[in-house]
Structure formats: structure tokens, C-alpha cells
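Right, one structure below, let's go through it.
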Amino acid sequence: MDLSLAEQERLKKCETMPKKNIIILGPPGSGKGTQSGRIVNDFCYCQLSTGDLLRDNVARQTPEGIKAKEAMSKGQLVSDEIVNSILLNAIRSPQCARGVIFDGYPRNEEQAVNLEKLLENEGRNLDKVVELKIDEEALYDRIEGRRVHLSSGRTYHVKFNPPRVEGIDDVTGEPLIHRNDDKREVMQSRIQVYNDKTKPLVSFFSKQGKLTTLDAMLPIDTVYSNIKNVLI
Ligand code: AP5
């Protein structure tokens, strides 16, 4: 397939960027998916969102998806066994050759230890962990206004990052959805799970000297430019 000139230039620019495996850590709605999409574009890393991978398995009703569905609808974590098996296949794909962004993984200390082992077995290292820090009240606004293109994971916001045409994905022209777990009640449980299980990873990775904390209350472009400074 012939690539457009713009696409050829993008790929050429990616080759000047460092190869890295990174984690984007932050509560639901902090902007992990939004920022990962931009990193994918500029650095040609693959984005492994365990949330997107799980939603895809739920939609296709795979055995893993059927088991994951109930936990997800309550805002609880899916079992490590299911998440790990989904992740391993994804890491080996050719799109991940220049680097991986782990978006929404790991979510507890067991997953963090497992990720380190998994990367080691694949001959890779974990280079950086970027924490997106945000006030809890801001999360509800972000989540309630979020609209998602399910098959690509592309994310918009009715106010902060609207699509060109309301309710429609800019790239494919397909409809956007409001995620089932983006309701206020489920959100409360997701935030609590983050605070109880995932937030301790901040000190886990800080002890390893890999953590950088960024202010995720800033506008999307400013947050991204700060992430780029960390990666280059
Ligand atoms: P998942 O899909 O990973 O959800 P999450 O971690 O809760 O994160 P979100 O996707 O809600 O938020 P985000 O940080 O990506 O924010 P976004 O960029 O969209 O997980 C869902 C479920 O799957 C879990 O609850 C669990 O059940 C299960 N699961 C997933 N991984 C698992 C694992 N490893 N183990 C076990 N279970 C797992 O931004 C939000 C909105 O804000 C958007 O509309 C965006 O446009 C807007 N926005 C972003 N940045 C800004 C900004 N700077 N200013 C203004 N608006 C902004």
C-alpha cells in the first residue's frame, strides 16, 4: 500500500525519536488515553490500553471478555490472569517494536511486578513512568463529557476536545459513544479503586527513580508538551 507523503514524513520523524517503554499512570479521566494517542503519533510507540483491549474482548464475547464484563460494569478490577494473557499477545505485535505505552496498566503492585517480569522475558526495560496528577472534582466533568470511538479508542470531550462534527469520529465518520462505566456512581467506585490499589504505585516507581509527576489540570496541549520533554 502506498503511504501518503505526510505519513511517510511522520514515520521518518519517529525514527529520530528514542525507543522507550513507558507507563502512563493516573486516575480515570486524567487524560491517559488522550495523551497516549499523541505519543503514538509522534513516537510510533504502540498504545496498550488494557481498558480498550478488555472492551474489545467484551464486544467480541471472547471467553476472557465474558469473564471481564461483570467486574468492569461495577468499576472493579478484572482478574490479573485475564489481563496478563491479553497483554502478552499485544506486546509481541510489530506495532510495538519502537516502544510501548502502557495505558491503564499496571493497576496494582502484583501487576507492576508482573509487568517487569514480562518485559524482561521479552528483552525490554521499563524506561519511564509518567503520573498525571489531577484534582478529584475535575474528573467527573471530564468523564461525563467524554465521547469515545470504540474500535480505535479515540477519545473526545464535548467541551474540552470536541470532534469536528458532533457525535462523529473525525477519522472514520463513525458514531461516538458514551461509555457504560462513565456514569457518576460507577465513577465513584473507579476512583476509589484507583486510590486504594493503583495510587501506591506512585511510591513503588518513585523508589526506582523512574517516576515523573505532571500537572494534568493544564490544557491538553500543555500536558503533552510536558510529556514530550520527559521522553526526549
Ligand atoms: P480504562 O478504560 O483503562 O479506564 P480508566 O483507567 O478508568 O481511564 P479512562 O479511560 O476512564 O480515562 P483516561 O485517563 O484515559 O482519560 P481520557 O484521556 O479518556 O479501564 C476501564 C475498566 O477496565 C476498569 O474500571 C477495570 O474494570 C478494567 N481494567 C482496565 N485495565 C485493567 C487492569 N490492568 N486490570 C484490571 N482491570 C482493568 O480523558 C478523559 C476526558 O477528559 C476525555 O473526554 C478528554 O477529552 C478529556 N481531557 C483529557 N485531558 C484533558 C485536559 N488536559 N483538559 C481538559 N480535558 C481533558
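Lettering and numbering for the C-alpha cells are positional, with chains as A, B, ... in the shown order, residues counted from 1 in each chain, and ligands counted from 1 in the shown order.
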Contact residues around Ala112 of chain A with only C-alpha atoms at 9 Å, ignoring same-chain residues under 6 positions, as a ChimeraX atom specification: /A:105-106,201,204
Residues just named, written with N, CA, C and O atoms as a compact mmCIF listing (two decimals), in the first residue's frame:
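Once written, selection-v1.txt looks like this:
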# COMPACT_ATOMS: atom_id res chain seq x y z
N TYR A 105 -2.36 0.24 32.85
CA TYR A 105 -1.71 -0.99 33.33
C TYR A 105 -0.30 -0.62 33.74
O TYR A 105 0.35 0.10 32.98
N PRO A 106 0.24 -1.02 34.86
CA PRO A 106 -0.38 -1.84 35.88
C PRO A 106 -1.33 -1.03 36.77
O PRO A 106 -1.23 0.18 36.85
N LEU A 201 1.32 2.71 43.54
CA LEU A 201 2.39 2.51 42.54
C LEU A 201 3.24 3.77 42.35
O LEU A 201 4.35 3.69 41.83
N PHE A 204 5.99 3.17 44.58
CA PHE A 204 6.70 1.98 44.06
C PHE A 204 7.68 2.39 42.94
O PHE A 204 8.85 2.03 42.97
Please, which residues in segment 173-223 of chain A fall within 12 Å of segment 51-60 of chain A when counting only C-alpha atoms, and what is the closest atom pair and distance in Å to one decimal for each, ordered by chain then residue number, as a Markdown table?
| residue | atom | partner | partner_atom | distance |
| --- | --- | --- | --- | --- |
| A:Arg179 | CA | A:Arg55 | CA | 10.0 |
| A:Asn180 | CA | A:Arg55 | CA | 10.6 |
| A:Asp181 | CA | A:Arg55 | CA | 11.0 |
Segment 149-159 of chain A environment, 8 Å, only C-alpha atoms, sequence neighbours closer than 6 positions dropped, as a list of chain:residue names: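 These residues fall inside the cut-off: A:Gly33, A:Thr34, A:Gly37, A:Asp52, A:Asp56, A:Arg142, A:Glu166, A:Asp169, A:Glu174, A:Pro175, A:Leu176, A:Ile177.
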Would you export the selected residues with C-alpha atoms as a compact mmCIF listing (two decimals), in the first residue's frame, please?
# COMPACT_ATOMS: atom_id res chain seq x y z
CA GLY A 33 -5.83 7.84 26.62
CA THR A 34 -5.79 11.38 25.23
CA GLY A 37 -2.80 8.98 21.25
CA ASP A 52 -9.54 -0.85 25.35
CA ASP A 56 -12.73 -5.24 22.61
CA ARG A 142 -14.16 15.11 32.13
CA GLU A 166 -20.90 16.46 16.99
CA ASP A 169 -15.35 10.31 14.90
CA GLU A 174 -18.48 6.52 12.67
CA PRO A 175 -20.65 7.38 15.69
CA LEU A 176 -19.12 8.12 19.10
CA ILE A 177 -20.46 6.53 22.28
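Around segment 24-31 of chain A, within 8 Å and counting only C-alpha atoms, the residues found are Thr34, Gln35, Ser36, Ile101, Phe102, Asp103, Gly104, Tyr105, Val129, Val130, Glu131, Leu132, Lys133, Ile134, Leu139, Tyr140, Arg142, Ile143, Met187, Arg190, Ile191, Tyr194, Asn195, Lys199 and Ala216 of chain A, once anything fewer than 3 positions away on its own chain is removed.
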Per-residue DSSP, segment 96-148 of chain A, filtered to helix (DSSP H, G or I), as a VMD selection string: chain A and resid 96 109 to 121 136 to 144
Dump as a CSV table (one decimal), in the first residue's frame, selection limited to N, CA and C atoms:
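Okay, out34.csv is ready:
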chain,number,residue,atom,x,y,z
A,96,CYS,N,4.6,-2.6,18.2
A,96,CYS,CA,5.2,-2.3,19.5
A,96,CYS,C,6.8,-2.3,19.4
A,109,GLU,N,0.1,-3.6,42.7
A,109,GLU,CA,1.5,-4.0,42.8
A,109,GLU,C,1.8,-5.3,42.1
A,110,GLU,N,0.9,-6.2,42.2
A,110,GLU,CA,1.1,-7.5,41.5
A,110,GLU,C,1.3,-7.3,40.0
A,111,GLN,N,0.4,-6.5,39.4
A,111,GLN,CA,0.6,-6.2,38.0
A,111,GLN,C,1.9,-5.5,37.7
A,112,ALA,N,2.3,-4.7,38.6
A,112,ALA,CA,3.6,-4.0,38.3
A,112,ALA,C,4.8,-5.0,38.3
A,113,VAL,N,4.7,-5.9,39.3
A,113,VAL,CA,5.8,-6.9,39.4
A,113,VAL,C,5.7,-7.8,38.1
A,114,ASN,N,4.5,-8.1,37.8
A,114,ASN,CA,4.3,-9.0,36.6
A,114,ASN,C,4.8,-8.3,35.3
A,115,LEU,N,4.6,-7.0,35.2
A,115,LEU,CA,5.0,-6.3,34.0
A,115,LEU,C,6.5,-6.3,33.9
A,116,GLU,N,7.2,-6.1,35.0
A,116,GLU,CA,8.6,-6.1,35.0
A,116,GLU,C,9.2,-7.4,34.5
A,117,LYS,N,8.6,-8.5,35.0
A,117,LYS,CA,9.0,-9.8,34.6
A,117,LYS,C,8.7,-10.0,33.1
A,118,LEU,N,7.5,-9.6,32.7
A,118,LEU,CA,7.1,-9.8,31.3
A,118,LEU,C,8.0,-9.1,30.3
A,119,LEU,N,8.4,-7.8,30.7
A,119,LEU,CA,9.3,-7.0,29.9
A,119,LEU,C,10.7,-7.7,29.8
A,120,GLU,N,11.1,-8.2,30.9
A,120,GLU,CA,12.4,-8.8,31.0
A,120,GLU,C,12.4,-10.0,30.1
A,121,ASN,N,11.4,-10.8,30.1
A,121,ASN,CA,11.3,-12.0,29.3
A,121,ASN,C,11.3,-11.7,27.8
A,136,GLU,N,-9.6,15.6,42.2
A,136,GLU,CA,-10.7,14.6,42.0
A,136,GLU,C,-12.0,15.2,41.4
A,137,GLU,N,-12.3,16.4,41.8
A,137,GLU,CA,-13.6,17.0,41.3
A,137,GLU,C,-13.5,17.2,39.8
A,138,ALA,N,-12.4,17.5,39.2
A,138,ALA,CA,-12.3,17.7,37.8
A,138,ALA,C,-12.6,16.4,37.0
A,139,LEU,N,-12.4,15.3,37.6
A,139,LEU,CA,-12.6,14.0,36.9
A,139,LEU,C,-14.0,13.8,36.5
A,140,TYR,N,-15.0,14.2,37.3
A,140,TYR,CA,-16.4,14.0,37.0
A,140,TYR,C,-16.8,14.7,35.7
A,141,ASP,N,-16.3,16.0,35.6
A,141,ASP,CA,-16.6,16.8,34.4
A,141,ASP,C,-16.1,16.2,33.1
A,142,ARG,N,-14.8,15.7,33.3
A,142,ARG,CA,-14.2,15.1,32.1
A,142,ARG,C,-14.9,13.8,31.7
A,143,ILE,N,-15.2,13.0,32.6
A,143,ILE,CA,-15.8,11.7,32.3
A,143,ILE,C,-17.3,11.9,31.7
A,144,GLU,N,-18.0,12.8,32.4
A,144,GLU,CA,-19.4,13.0,31.9
A,144,GLU,C,-19.4,13.5,30.5
Residue set, segment 140-170 of chain A restricted to strand (DSSP E or B), as number ranges by chain: A: 146-149, 154-157, 161, 168
Write out, as a Markdown table, each residue of segment 74-111 of chain A that has an atom at most 9 Å from segment 6-20 of chain A, together with the closest pair of atoms and their distance in Å to one decimal, counting only C-alpha atoms, rows going by chain and rising number.
| residue | atom | partner | partner_atom | distance |
| --- | --- | --- | --- | --- |
| A:Ala97 | CA | A:Lys19 | CA | 8.5 |
| A:Arg98 | CA | A:Lys19 | CA | 5.1 |
| A:Gly99 | CA | A:Lys20 | CA | 4.8 |
| A:Val100 | CA | A:Lys20 | CA | 6.8 |
| A:Ile101 | CA | A:Lys20 | CA | 8.4 |
For ligand 1, the nearest of the candidates A:Asn108, A:Asn41, A:Ser85, A:Thr213, counting only C-alpha atoms and all ligand atoms: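 Among the listed residues, the smallest separation from ligand 1 belongs to A:Asn108.
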Atomic separation - atom CA of Ile232 of chain A relative to atom CA of Phe43 of chain A, Å: 9.7 Å
Pick from A:Gln61, A:Asn161, A:Ser93, A:Ser189, whichever lies nearest to ligand 1 using only C-alpha atoms and all ligand atoms: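 With only C-alpha atoms and all ligand atoms as the atom set, the closest residue is A:Asn161.
If you look at atom CA of Ser79 of chain A and atom 23 (O, counted along the ligand's line) of ligand 1, they are 10.4 Å away from each other.
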